[in-house]
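Visitor: Sharing target-v3.cif below, mmCIF, C-alpha atoms and all ligand atoms:
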data_work
#
loop_
_atom_site.label_atom_id
_atom_site.label_comp_id
_atom_site.auth_asym_id
_atom_site.auth_seq_id
_atom_site.Cartn_x
_atom_site.Cartn_y
_atom_site.Cartn_z
CA MET A 907 33.87 -11.84 -32.35
CA THR A 908 32.83 -15.21 -33.62
CA ASP A 909 31.98 -15.87 -37.20
CA SER A 910 28.76 -17.61 -38.07
CA GLN A 911 30.16 -21.08 -37.44
CA GLY A 912 31.30 -20.06 -34.04
CA GLN A 913 34.90 -19.84 -35.09
CA GLU A 914 36.70 -16.99 -33.44
CA SER A 915 38.02 -14.07 -35.41
CA ASN A 916 41.66 -13.06 -35.24
CA ASP A 917 41.14 -9.58 -33.95
CA PRO A 918 44.20 -7.85 -32.48
CA SER A 919 42.75 -7.80 -28.98
CA SER A 920 42.58 -11.62 -29.06
CA ARG A 921 46.21 -11.78 -30.10
CA ARG A 922 47.27 -9.48 -27.29
CA ARG A 923 45.73 -11.92 -24.83
CA LEU A 924 47.71 -14.93 -26.03
CA ASN A 925 50.09 -14.93 -23.09
CA VAL A 926 47.64 -14.42 -20.26
CA LEU A 927 47.49 -16.80 -17.31
CA SER A 928 45.35 -19.90 -17.68
CA THR A 929 42.76 -18.50 -15.26
CA ASP A 930 42.38 -15.42 -17.47
CA PHE A 931 40.91 -17.44 -20.31
CA PHE A 932 37.14 -17.27 -20.41
CA PRO A 933 34.41 -18.40 -22.83
CA ALA A 934 33.79 -15.05 -24.49
CA TYR A 935 32.28 -16.73 -27.55
CA VAL A 936 30.14 -19.82 -27.17
CA VAL A 937 28.59 -21.98 -29.86
CA TRP A 938 25.68 -23.93 -28.46
CA GLU A 939 23.94 -26.80 -30.22
CA LEU A 940 20.45 -26.61 -28.69
CA THR A 941 19.30 -29.87 -30.27
CA LEU A 942 20.65 -32.41 -32.75
CA ALA A 943 17.18 -32.67 -34.30
CA CYS A 944 17.25 -31.29 -37.83
CA ASP A 945 14.99 -30.79 -40.83
CA HIS A 946 17.93 -31.28 -43.22
CA ALA A 947 20.33 -34.24 -43.54
CA CYS A 948 23.27 -32.51 -45.23
CA ALA A 949 25.96 -34.49 -47.00
CA HIS A 950 28.76 -32.71 -45.13
CA CYS A 951 27.20 -32.33 -41.67
CA GLY A 952 29.92 -32.72 -39.02
CA SER A 953 27.45 -33.64 -36.28
CA ARG A 954 25.45 -36.05 -38.51
CA ALA A 955 22.37 -34.19 -37.28
CA ALA A 956 18.93 -35.74 -37.80
CA VAL A 957 17.27 -36.68 -34.51
CA SER A 958 17.70 -35.40 -30.96
CA ARG A 959 20.47 -36.75 -28.76
CA ASP A 960 19.53 -38.75 -25.67
CA HIS A 961 19.20 -36.52 -22.62
CA GLU A 962 19.22 -33.14 -24.33
CA LEU A 963 19.09 -30.18 -21.93
CA SER A 964 15.58 -29.13 -20.99
CA THR A 965 14.54 -25.50 -21.21
CA LYS A 966 14.95 -25.15 -17.44
CA GLU A 967 18.49 -26.56 -17.59
CA ALA A 968 19.31 -24.38 -20.60
CA LEU A 969 18.19 -21.22 -18.79
CA SER A 970 20.38 -22.16 -15.86
CA LEU A 971 23.30 -22.66 -18.24
CA VAL A 972 22.71 -19.15 -19.61
CA ASP A 973 23.09 -17.80 -16.06
CA GLU A 974 26.43 -19.58 -15.70
CA LEU A 975 27.65 -18.22 -19.01
CA ALA A 976 26.70 -14.71 -17.92
CA ASP A 977 28.62 -15.18 -14.68
CA MET A 978 31.68 -16.30 -16.67
CA GLY A 979 31.63 -13.17 -18.84
CA THR A 980 30.34 -14.66 -22.10
CA ARG A 981 29.68 -11.95 -24.68
CA GLU A 982 28.05 -13.79 -27.57
CA VAL A 983 26.30 -17.14 -28.05
CA VAL A 984 25.77 -18.65 -31.50
CA LEU A 985 22.75 -20.97 -31.39
CA ILE A 986 23.09 -23.91 -33.76
CA GLY A 987 21.70 -27.44 -34.17
CA GLY A 988 20.59 -29.59 -35.74
CA GLU A 989 18.21 -26.71 -35.96
CA ALA A 990 18.10 -24.54 -32.86
CA TYR A 991 14.50 -23.51 -33.55
CA LEU A 992 13.40 -27.14 -33.02
CA HIS A 993 14.21 -26.87 -29.29
CA ASP A 994 11.06 -26.23 -27.21
CA GLY A 995 12.73 -23.40 -25.32
CA PHE A 996 14.19 -21.61 -28.36
CA TYR A 997 12.59 -18.20 -27.84
CA GLN A 998 12.90 -18.32 -24.05
CA ILE A 999 16.61 -19.07 -24.36
CA ILE A 1000 17.15 -16.17 -26.79
CA ARG A 1001 15.27 -13.86 -24.44
CA HIS A 1002 17.23 -14.98 -21.39
CA LEU A 1003 20.56 -14.57 -23.17
CA LYS A 1004 19.60 -11.03 -24.10
CA THR A 1005 18.37 -10.26 -20.58
CA ARG A 1006 21.67 -11.48 -19.13
CA GLY A 1007 23.69 -9.20 -21.43
CA ILE A 1008 24.82 -11.87 -23.89
CA THR A 1009 24.33 -11.27 -27.62
CA PRO A 1010 22.30 -14.14 -29.13
CA VAL A 1011 22.97 -14.94 -32.79
CA MET A 1012 22.15 -17.97 -34.89
CA THR A 1013 23.38 -20.18 -37.70
CA THR A 1014 20.64 -22.04 -39.55
CA GLY A 1015 19.76 -24.14 -42.59
CA ALA A 1016 16.54 -22.08 -42.52
CA TRP A 1017 14.10 -24.71 -43.82
CA GLY A 1018 11.52 -23.68 -41.22
CA LEU A 1019 12.48 -20.02 -40.94
CA ASP A 1020 9.50 -18.05 -42.22
CA LEU A 1021 8.49 -14.46 -41.51
CA ALA A 1022 6.39 -15.37 -38.46
CA LYS A 1023 9.34 -17.18 -36.88
CA ALA A 1024 11.77 -14.42 -37.81
CA LYS A 1025 9.55 -11.83 -36.10
CA LEU A 1026 9.36 -13.92 -32.93
CA MET A 1027 13.15 -14.31 -32.95
CA ALA A 1028 13.69 -10.59 -33.38
CA GLU A 1029 11.16 -9.80 -30.68
CA ALA A 1030 12.99 -12.17 -28.30
CA GLY A 1031 16.27 -10.35 -28.87
CA MET A 1032 18.02 -11.94 -31.84
CA SER A 1033 19.79 -9.37 -34.01
CA ARG A 1034 21.80 -11.38 -36.53
CA VAL A 1035 21.13 -14.65 -38.36
CA SER A 1036 23.52 -16.51 -40.67
CA VAL A 1037 21.92 -18.78 -43.26
CA SER A 1038 23.97 -21.73 -44.54
CA ILE A 1039 24.08 -21.69 -48.35
CA ASP A 1040 26.48 -24.06 -50.10
CA GLY A 1041 26.04 -23.33 -53.77
CA LEU A 1042 23.61 -22.18 -56.40
CA GLU A 1043 20.27 -23.95 -56.49
CA GLN A 1044 21.20 -27.33 -57.93
CA THR A 1045 24.43 -27.67 -56.00
CA HIS A 1046 23.01 -26.45 -52.70
CA ASP A 1047 19.97 -28.72 -52.88
CA ARG A 1048 22.22 -31.73 -53.51
CA MET A 1049 24.64 -30.90 -50.69
CA ARG A 1050 21.74 -30.21 -48.37
CA ALA A 1051 19.93 -33.33 -49.67
CA LYS A 1052 16.66 -31.44 -49.95
CA LYS A 1053 14.91 -30.16 -53.02
CA GLY A 1054 13.69 -26.60 -52.51
CA SER A 1055 16.23 -25.87 -49.78
CA PHE A 1056 18.01 -23.15 -51.77
CA THR A 1057 14.78 -21.29 -52.55
CA GLN A 1058 13.78 -21.46 -48.91
CA CYS A 1059 17.18 -20.04 -47.87
CA LEU A 1060 16.57 -17.00 -50.08
CA ASN A 1061 13.05 -16.63 -48.64
CA ALA A 1062 14.51 -16.85 -45.13
CA LEU A 1063 17.04 -14.12 -45.87
CA GLU A 1064 14.14 -11.87 -46.91
CA ALA A 1065 12.25 -12.78 -43.73
CA ILE A 1066 15.32 -12.00 -41.61
CA LYS A 1067 15.60 -8.57 -43.21
CA ALA A 1068 11.86 -7.91 -42.96
CA ALA A 1069 11.96 -8.72 -39.25
CA GLY A 1070 14.71 -6.16 -38.73
CA MET A 1071 17.61 -8.59 -38.21
CA THR A 1072 20.92 -8.52 -40.09
CA PRO A 1073 21.26 -11.21 -42.78
CA HIS A 1074 24.54 -13.10 -42.99
CA VAL A 1075 25.46 -16.17 -45.02
CA ASN A 1076 27.93 -18.96 -44.34
CA SER A 1077 29.20 -21.53 -46.83
CA ASN A 1078 31.22 -24.70 -46.86
CA PHE A 1079 33.38 -25.14 -49.96
CA ASN A 1080 34.82 -28.32 -51.42
CA ARG A 1081 35.43 -29.93 -54.83
CA PHE A 1082 31.72 -30.43 -55.36
CA ASN A 1083 30.66 -26.78 -55.14
CA GLN A 1084 33.80 -24.65 -55.60
CA SER A 1085 32.89 -23.70 -59.16
CA ASP A 1086 29.83 -21.82 -57.82
CA LEU A 1087 31.98 -19.43 -55.75
CA GLU A 1088 31.90 -16.36 -57.99
CA SER A 1089 28.22 -16.73 -58.95
CA MET A 1090 27.30 -17.02 -55.29
CA TYR A 1091 29.16 -13.79 -54.56
CA VAL A 1092 27.19 -11.95 -57.25
CA LEU A 1093 23.91 -13.29 -55.89
CA PHE A 1094 24.73 -12.33 -52.29
CA GLU A 1095 25.83 -8.84 -53.29
CA ASP A 1096 22.57 -8.41 -55.26
CA ILE A 1097 20.31 -9.44 -52.40
CA GLY A 1098 22.05 -7.33 -49.77
CA VAL A 1099 23.88 -9.91 -47.66
CA LYS A 1100 26.13 -8.03 -45.23
CA ALA A 1101 28.67 -10.73 -44.35
CA TRP A 1102 29.69 -14.06 -45.85
CA GLN A 1103 31.73 -16.54 -43.87
CA VAL A 1104 33.59 -19.02 -46.08
CA GLN A 1105 35.08 -22.22 -44.78
CA ILE A 1106 36.23 -25.43 -46.36
CA THR A 1107 34.63 -28.78 -45.73
CA SER A 1108 36.74 -30.70 -43.23
CA PRO A 1109 36.51 -34.48 -42.85
CA LEU A 1110 34.14 -34.50 -39.89
CA GLY A 1111 30.98 -36.59 -39.52
CA ARG A 1112 29.20 -37.18 -42.85
CA ALA A 1113 31.91 -35.26 -44.74
CA ALA A 1114 34.42 -37.89 -43.60
CA ASP A 1115 32.26 -40.46 -45.45
CA ARG A 1116 32.81 -38.55 -48.73
CA PRO A 1117 36.58 -38.08 -49.15
CA GLN A 1118 36.19 -37.49 -52.89
CA MET A 1119 34.18 -34.37 -52.06
CA LEU A 1120 36.96 -32.75 -50.02
CA PHE A 1121 39.55 -30.32 -51.30
CA GLN A 1122 43.07 -31.61 -51.62
CA PRO A 1123 45.69 -29.25 -50.09
CA TYR A 1124 46.87 -28.10 -53.53
CA ASP A 1125 43.31 -27.00 -54.43
CA LEU A 1126 43.91 -24.04 -52.09
CA LEU A 1127 46.40 -22.69 -54.64
CA ASP A 1128 43.44 -22.02 -56.92
CA PHE A 1129 40.66 -21.35 -54.42
CA LEU A 1130 42.25 -18.79 -52.11
CA PRO A 1131 43.35 -16.27 -54.78
CA ARG A 1132 39.83 -16.46 -56.24
CA LEU A 1133 38.32 -15.81 -52.83
CA ALA A 1134 40.75 -12.92 -52.24
CA ARG A 1135 39.60 -11.24 -55.44
CA LEU A 1136 36.01 -11.41 -54.22
CA LYS A 1137 37.04 -10.13 -50.80
CA GLU A 1138 38.54 -7.06 -52.44
CA ARG A 1139 35.34 -6.41 -54.38
CA GLY A 1140 33.22 -7.01 -51.28
CA LEU A 1141 35.17 -4.42 -49.30
CA GLN A 1142 34.12 -1.87 -51.93
CA LYS A 1143 30.51 -3.06 -52.12
CA GLY A 1144 29.66 -3.60 -48.45
CA LEU A 1145 29.72 -7.39 -48.46
CA LEU A 1146 32.32 -8.55 -45.94
CA ILE A 1147 33.85 -11.94 -46.74
CA MET A 1148 35.59 -13.56 -43.78
CA PRO A 1149 37.43 -16.87 -43.91
CA GLY A 1150 36.51 -19.62 -41.48
CA ASN A 1151 39.31 -20.77 -39.24
CA ASN A 1152 39.94 -23.94 -41.20
CA LEU A 1153 40.76 -21.93 -44.33
CA GLY A 1154 44.51 -21.74 -43.96
CA TYR A 1155 46.98 -19.90 -43.83
CA PHE A 1156 49.64 -17.28 -44.55
CA GLY A 1157 49.41 -17.16 -48.32
CA PRO A 1158 50.07 -13.87 -50.15
CA GLU A 1159 46.43 -12.87 -49.49
CA GLU A 1160 46.54 -13.54 -45.73
CA ALA A 1161 46.05 -9.95 -44.51
CA LEU A 1162 43.36 -9.23 -47.09
CA LEU A 1163 41.42 -12.37 -46.22
CA ARG A 1164 41.63 -12.08 -42.43
CA SER A 1165 41.06 -8.34 -42.01
CA PRO A 1166 37.50 -7.12 -41.52
CA LYS A 1167 38.37 -3.67 -42.89
CA LYS A 1168 40.52 -2.15 -45.58
CA SER A 1169 43.31 -1.57 -43.01
CA LEU A 1170 44.58 -5.11 -43.78
CA THR A 1171 46.47 -5.64 -40.55
CA ASP A 1172 45.20 -9.02 -39.34
CA HIS A 1173 46.55 -12.52 -39.73
CA TRP A 1174 45.80 -15.97 -38.40
CA ALA A 1175 46.80 -16.18 -34.72
CA GLY A 1176 46.23 -19.77 -33.65
CA CYS A 1177 43.35 -21.94 -32.51
CA GLN A 1178 41.36 -20.33 -29.69
CA ALA A 1179 39.49 -23.46 -28.59
CA GLY A 1180 39.31 -23.50 -24.80
CA ARG A 1181 40.92 -20.06 -24.61
CA PHE A 1182 38.10 -17.69 -25.51
CA VAL A 1183 35.85 -20.14 -27.36
CA MET A 1184 33.60 -22.88 -25.98
CA GLY A 1185 31.32 -25.39 -27.68
CA ILE A 1186 28.32 -27.04 -26.02
CA GLU A 1187 26.50 -30.08 -27.41
CA SER A 1188 22.78 -30.47 -26.83
CA ASP A 1189 23.20 -33.03 -24.04
CA GLY A 1190 25.42 -30.58 -22.15
CA ALA A 1191 28.79 -31.95 -23.38
CA VAL A 1192 31.35 -29.16 -23.14
CA LYS A 1193 34.28 -28.78 -25.58
CA GLY A 1194 36.77 -26.04 -26.40
CA CYS A 1195 35.16 -25.55 -29.83
CA PRO A 1196 31.88 -26.82 -31.29
CA SER A 1197 33.56 -28.64 -34.18
CA LEU A 1198 36.09 -30.59 -32.10
CA GLN A 1199 35.68 -34.35 -32.13
CA THR A 1200 33.33 -35.43 -29.33
CA GLU A 1201 35.24 -38.52 -28.28
CA ALA A 1202 38.57 -36.77 -27.79
CA TYR A 1203 37.62 -33.29 -26.61
CA VAL A 1204 34.57 -33.37 -24.31
CA GLY A 1205 35.69 -32.17 -20.89
CA GLY A 1206 32.46 -32.92 -18.99
CA HIS A 1207 28.69 -32.71 -19.17
CA TYR A 1208 26.87 -29.68 -17.84
CA LYS A 1209 24.49 -30.21 -14.94
CA ALA A 1210 22.39 -27.49 -13.39
CA ASP A 1211 23.41 -27.25 -9.72
CA GLU A 1212 22.68 -24.98 -6.80
CA SER A 1213 26.09 -23.31 -6.77
CA LYS A 1214 25.83 -22.28 -10.42
CA SER A 1215 29.47 -23.04 -10.98
CA TYR A 1216 29.43 -26.45 -12.66
CA LEU A 1217 30.29 -25.07 -16.09
CA LYS A 1218 33.15 -23.04 -14.64
CA LYS A 1219 34.61 -26.19 -13.05
CA ILE A 1220 34.60 -27.95 -16.42
CA TRP A 1221 36.16 -24.90 -18.11
CA LEU A 1222 38.92 -24.53 -15.52
CA ASP A 1223 39.68 -28.12 -14.55
CA SER A 1224 39.13 -30.50 -17.46
CA THR A 1225 42.28 -31.39 -19.38
CA GLU A 1226 40.30 -31.76 -22.63
CA LEU A 1227 39.66 -28.01 -22.73
CA GLN A 1228 43.22 -26.98 -21.95
CA PHE A 1229 45.25 -28.25 -24.88
CA THR A 1230 45.63 -24.85 -26.56
CA ARG A 1231 46.28 -22.82 -23.40
CA SER A 1232 49.98 -23.57 -23.23
CA ARG A 1233 50.52 -24.75 -26.77
CA THR A 1234 53.90 -24.03 -28.37
CA ARG A 1235 55.59 -25.26 -31.52
CA GLU A 1236 56.87 -28.18 -29.40
CA ASP A 1237 53.30 -29.54 -29.48
CA LEU A 1238 53.24 -29.62 -33.28
CA TRP A 1239 54.31 -32.56 -35.39
CA GLY A 1240 54.87 -33.53 -39.02
CA TYR A 1241 55.45 -30.66 -41.44
CA CYS A 1242 53.99 -28.07 -39.04
CA ALA A 1243 56.65 -28.81 -36.40
CA SER A 1244 59.38 -27.47 -38.68
CA CYS A 1245 57.35 -24.72 -40.36
CA ALA A 1246 58.90 -21.25 -40.35
CA LEU A 1247 55.55 -19.81 -39.22
CA ALA A 1248 54.83 -22.37 -36.50
CA ASP A 1249 55.22 -19.92 -33.58
CA SER A 1250 52.48 -17.66 -34.96
CA CYS A 1251 50.24 -20.31 -36.43
CA LEU A 1252 50.55 -23.20 -33.97
CA GLY A 1253 49.34 -25.68 -36.53
CA GLY A 1254 46.12 -24.07 -37.73
CA CYS A 1255 42.68 -25.42 -36.96
CA SER A 1256 42.70 -28.22 -34.39
CA PHE A 1257 39.53 -30.05 -35.43
CA THR A 1258 40.63 -30.06 -39.07
CA ALA A 1259 44.05 -31.53 -38.27
CA HIS A 1260 42.44 -34.07 -35.95
CA GLY A 1261 39.93 -34.88 -38.69
CA PHE A 1262 42.74 -36.05 -40.96
CA PHE A 1263 45.16 -37.70 -38.56
CA GLY A 1264 43.35 -38.35 -35.26
CA ARG A 1265 45.53 -35.76 -33.57
CA ALA A 1266 45.85 -31.95 -33.68
CA GLY A 1267 49.07 -30.10 -34.51
CA ASN A 1268 49.74 -30.95 -38.15
CA ASN A 1269 47.39 -29.35 -40.65
CA PRO A 1270 47.78 -30.07 -44.36
CA MET A 1271 45.00 -27.66 -45.44
CA CYS A 1272 47.35 -24.70 -45.49
CA HIS A 1273 48.10 -22.30 -48.34
CA PHE A 1274 51.64 -21.50 -47.15
CA ARG A 1275 52.44 -25.19 -46.92
CA ALA A 1276 50.98 -25.98 -50.36
CA ARG A 1277 53.06 -23.15 -51.85
CA GLN A 1278 56.22 -24.43 -50.19
CA PHE A 1279 55.65 -27.84 -51.77
CA GLN A 1280 54.75 -26.26 -55.10
CA LYS A 1281 58.09 -24.39 -55.17
CA LYS A 1282 59.79 -27.78 -55.10
CA GLY A 1283 57.53 -29.16 -57.82
CA LEU A 1284 55.68 -31.30 -55.27
CA ARG A 1285 52.25 -31.53 -53.70
CA GLU A 1286 50.65 -33.37 -50.78
CA ARG A 1287 47.66 -35.59 -51.49
CA LEU A 1288 45.44 -37.02 -48.75
CA VAL A 1289 44.15 -40.55 -48.97
CA ARG A 1290 41.60 -41.98 -46.57
CA VAL A 1291 42.90 -45.18 -44.97
CA GLN A 1292 40.24 -45.76 -42.31
CA LYS A 1293 36.52 -44.94 -42.33
CA ALA A 1294 34.78 -42.94 -39.59
CA PRO A 1295 32.69 -45.02 -37.18
CA GLY A 1296 29.50 -43.10 -37.98
CA LYS A 1297 28.97 -41.07 -34.80
CA SER A 1298 28.32 -37.37 -34.31
CA PHE A 1299 31.51 -35.27 -34.69
CA ASP A 1300 33.67 -38.29 -35.54
CA SER A 1301 36.66 -38.67 -37.84
CA ALA A 1302 38.21 -41.00 -40.38
CA LEU A 1303 41.98 -41.38 -40.79
CA PHE A 1304 44.03 -40.14 -43.74
CA GLU A 1305 47.61 -40.53 -44.91
CA ILE A 1306 49.70 -38.01 -46.84
CA ILE A 1307 51.26 -38.90 -50.16
CA VAL A 1308 53.88 -36.46 -51.47
CA GLU A 1309 54.03 -36.53 -55.26
CA GLU A 1310 55.28 -34.51 -58.21
CA PHE A 1311 53.26 -31.47 -59.16
CA ASP A 1312 54.13 -28.79 -61.62
CA SER A 1313 50.85 -27.15 -62.58
CA VAL A 1314 47.90 -25.61 -60.79
CA GLU A 1315 44.70 -27.07 -62.18
CA PRO A 1316 41.27 -26.07 -60.98
CA PRO A 1317 39.81 -28.86 -58.88
CA THR A 1318 37.40 -31.05 -60.81
CA ARG A 1319 33.89 -31.80 -59.64
CA PRO A 1320 33.64 -35.45 -58.62
CA LYS A 1321 31.64 -37.47 -61.13
CA THR A 1322 30.17 -39.81 -58.55
CA ASP A 1323 26.69 -39.10 -57.25
CA LEU A 1324 27.70 -37.77 -53.85
CA VAL A 1325 24.34 -36.81 -52.54
CA SER A 1326 20.90 -38.05 -53.27
CA ILE A 1327 17.99 -35.65 -53.04
CA THR A 1328 15.18 -36.31 -50.63
CA GLY A 1329 12.15 -34.31 -49.66
S1 LIG B 1401 52.40 -25.46 -42.26
FE1 LIG B 1401 51.31 -25.74 -40.33
S2 LIG B 1401 52.31 -24.33 -38.87
FE2 LIG B 1401 52.91 -23.69 -40.95
S3 LIG B 1401 51.46 -22.11 -41.52
FE3 LIG B 1401 50.66 -24.04 -42.29
S4 LIG B 1401 49.30 -24.86 -40.71
FE4 LIG B 1401 50.58 -23.23 -39.81
S1 LIG B 1402 39.42 -26.09 -33.67
FE1 LIG B 1402 40.27 -24.06 -33.10
S2 LIG B 1402 40.75 -23.06 -35.06
FE2 LIG B 1402 39.40 -24.79 -35.53
S3 LIG B 1402 37.33 -23.88 -35.56
FE3 LIG B 1402 37.70 -24.65 -33.48
S4 LIG B 1402 38.50 -22.90 -32.28
FE4 LIG B 1402 38.66 -22.40 -34.48
#
Write out the structure in this file as structure tokens.
Ligand code: SF4
Ligand code: SF4
Guide:
Amino acid sequence: MTDSQGQESNDPSSRRRLNVLSTDFFPAYVVWELTLACDHACAHCGSRAAVSRDHELSTKEALSLVDELADMGTREVVLIGGEAYLHDGFYQIIRHLKTRGITPVMTTGAWGLDLAKAKLMAEAGMSRVSVSIDGLEQTHDRMRAKKGSFTQCLNALEAIKAAGMTPHVNSNFNRFNQSDLESMYVLFEDIGVKAWQVQITSPLGRAADRPQMLFQPYDLLDFLPRLARLKERGLQKGLLIMPGNNLGYFGPEEALLRSPKKSLTDHWAGCQAGRFVMGIESDGAVKGCPSLQTEAYVGGHYKADESKSYLKKIWLDSTELQFTRSRTREDLWGYCASCALADSCLGGCSFTAHGFFGRAGNNPMCHFRARQFQKKGLRERLVRVQKAPGKSFDSALFEIIVEEFDSVEPPTRPKTDLVSITG
């Protein structure tokens, strides 16, 4: 099962498959950016979405890609953008996914998602839609750089329900919006949201341009216990909180946070990029995960061909999609290489680690790691030393400073004006 950002869950069946042969990996869960065109210009957008990419897949090519996914055994496709509904073939693609036995779901900023559109989506075969909400009204509208965006998200959730689809929410947390966490929970419980996927803002795309917005590793010492308390309440109230895969790892609340039910048996089980997860950019670029950095992780560009096996060739043959398939602790570096949990964790989320250091395998955004430093009266602080070039799914470079730390303070909201409002 993917969460609303296309990040894979850590269900036990996934873990049982960790040692299968390379040819047994398949793109069970695919996150597909239909277009980079967007009606928002969010401050933290990893793809820097705004206008379409050159050479985006046509509807005909997209339908052919759906056929290839079906042949490869894909179970679920999360349509994203930009805004997926801005692609000309949006409804046709949903319908074809459904016809071919693949569950179509969607993640959206929802600016243009009214009742008429929601009904067309439901009629085409969409059953679940996750709306991106990043704070209460003032905070959300600033992060999303659009006045009225928050109100429209709430309207869209009503439209999704009225059309018979299941409403989910996903949120990105950071120093700018973390103080809204508990109030957001209360709101979502009140309006009947069924699932809430919570991730942290990683330094990708526009978020890499705003390092003061990002959590520091030691902020997890405050944020994760707060989230765990809400998770407990949500399990009683029918609002399932699930952590995104960059919200790491192995703190005292690990089982509570990662388990979808009260059984509390799950834990983080390593990055699944290129194992059972695939990301596709709107020009047909294929990666192991939608959030991986384009320059380093694109394994090829999809082309519709007669044999209907072009996507499979990229999946099986390109080295860029294979880096997690035989990963061991030997592939880790820095603190993660010597971590007691390295064999289970394998360095956490790859795109997040790469977003800090230009290379996967050493992830400072980890609760276990922050607690280990805290026990020694120390903390790690990340300092940006090189800016991102300004391309879609790009990264800056950071360095780690280890410094004294003997108290947990709630992260403070940056005073600088991070985001200007447009619209
Ligand atoms: S320190 Fe690294 S390997 Fe250890 S649990 Fe954290 S992310 Fe995983
Ligand atoms: S890089 Fe790996 S862990 Fe991170 S979101 Fe992608 S698939 Fe999940």
Visitor: Adding 8 Å on each side of the box along x, y and z that holds all listed atoms of ligand LIG 1402 (chain B), could you give its centre and edge lengths in Å to one decimal, as AutoDock Vina command-line options?
Guide:
--center_x 39.0 --center_y -24.2 --center_z -33.9 --size_x 19.4 --size_y 19.7 --size_z 19.3
Visitor: Residues of chain A that approach ligand LIG 1401 (chain B) to 8 Å or less, counting all atoms listed in the file: could you list each one with the shortest pair of atoms and its distance in Å to one decimal, rows by chain and increasing residue number, as a Markdown table?
Guide:
| residue | atom | partner | partner_atom | distance |
| --- | --- | --- | --- | --- |
| A:Gly1154 | CA | B:LIG1401 | S4 | 6.6 |
| A:Tyr1155 | CA | B:LIG1401 | S3 | 5.5 |
| A:Phe1156 | CA | B:LIG1401 | S3 | 6.0 |
| A:Leu1238 | CA | B:LIG1401 | S2 | 7.8 |
| A:Tyr1241 | CA | B:LIG1401 | S1 | 6.1 |
| A:Cys1242 | CA | B:LIG1401 | FE1 | 3.8 |
| A:Ala1243 | CA | B:LIG1401 | S2 | 6.7 |
| A:Ser1244 | CA | B:LIG1401 | S2 | 7.7 |
| A:Cys1245 | CA | B:LIG1401 | FE2 | 4.6 |
| A:Ala1246 | CA | B:LIG1401 | FE2 | 6.5 |
| A:Leu1247 | CA | B:LIG1401 | FE2 | 5.0 |
| A:Ala1248 | CA | B:LIG1401 | S2 | 4.0 |
| A:Asp1249 | CA | B:LIG1401 | S2 | 7.5 |
| A:Ser1250 | CA | B:LIG1401 | FE4 | 7.6 |
| A:Cys1251 | CA | B:LIG1401 | FE4 | 4.5 |
| A:Leu1252 | CA | B:LIG1401 | S2 | 5.3 |
| A:Gly1253 | CA | B:LIG1401 | S2 | 4.0 |
| A:Gly1254 | CA | B:LIG1401 | S4 | 4.4 |
| A:Cys1255 | CA | B:LIG1401 | S4 | 7.6 |
| A:Gly1267 | CA | B:LIG1401 | FE1 | 7.6 |
| A:Asn1268 | CA | B:LIG1401 | FE1 | 5.9 |
| A:Asn1269 | CA | B:LIG1401 | S4 | 4.9 |
| A:Pro1270 | CA | B:LIG1401 | S4 | 6.5 |
| A:Met1271 | CA | B:LIG1401 | S4 | 7.0 |
| A:Cys1272 | CA | B:LIG1401 | FE3 | 4.7 |
| A:His1273 | CA | B:LIG1401 | FE3 | 6.8 |
| A:Phe1274 | CA | B:LIG1401 | FE3 | 5.6 |
| A:Arg1275 | CA | B:LIG1401 | S1 | 4.7 |
Visitor: Taking only C-alpha atoms and all ligand atoms into account, produce a table as a Markdown table in which each residue of chain A with an atom at most 6 Å from an atom of ligand LIG 1402 (chain B) appears once, together with its shortest atom pair and the distance in Å to one decimal, ordered by chain and rising number.
Guide:
| residue | atom | partner | partner_atom | distance |
| --- | --- | --- | --- | --- |
| A:Gln913 | CA | B:LIG1402 | FE4 | 4.6 |
| A:Glu914 | CA | B:LIG1402 | FE4 | 5.8 |
| A:Asn1151 | CA | B:LIG1402 | S2 | 5.0 |
| A:Asn1152 | CA | B:LIG1402 | FE2 | 5.8 |
| A:Cys1177 | CA | B:LIG1402 | FE1 | 3.8 |
| A:Gln1178 | CA | B:LIG1402 | S4 | 4.6 |
| A:Ala1179 | CA | B:LIG1402 | S4 | 3.9 |
| A:Cys1195 | CA | B:LIG1402 | FE3 | 4.5 |
| A:Ser1197 | CA | B:LIG1402 | FE3 | 5.8 |
| A:Leu1198 | CA | B:LIG1402 | S1 | 5.8 |
| A:Cys1255 | CA | B:LIG1402 | S2 | 3.6 |
| A:Ser1256 | CA | B:LIG1402 | S1 | 4.0 |
| A:Phe1257 | CA | B:LIG1402 | S1 | 4.3 |
Visitor: Check the smallest atom-to-atom distance from each of A:Leu985, A:Cys948, A:Val1183, A:Leu1126 to Lys1053 (chain A) using all atoms listed in the file, then report the winner.
Guide: A:Cys948
Visitor: Could you list, as a list in words, every residue within 9 Å of Met978 (chain A), counting all atoms listed in the file and ignoring same-chain residues fewer than 4 positions away?
Guide: Phe932, Pro933, Ala934, Asp973, Glu974, Leu1217 and Lys1218 of chain A
Visitor: Restricting the calculation to only C-alpha atoms, which member of A:Gly1007, A:Lys1025, A:Ala1016, A:Gly1205 is positioned closest to Gly1054 (chain A)?
Guide: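 Smallest distance to Gly1054 (chain A) is found for A:Ala1016.
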Visitor: Would you pick out the contacts of Thr941 (chain A) at 7 Å or less, using all atoms listed in the file, so that residues sharing its chain but fewer than 5 positions from it are not included, and give the list as a ChimeraX atom specification?
Guide: /A:958,962,987-990,993,1188
Visitor: Around the point (18.2, -25.9, -21.1) (coordinates from the file), which residues reach within 9 Å if we count all atoms listed in the file? Answer as a ChimeraX atom specification.
Guide: /A:940,962-972,995,999,1188,1190,1210
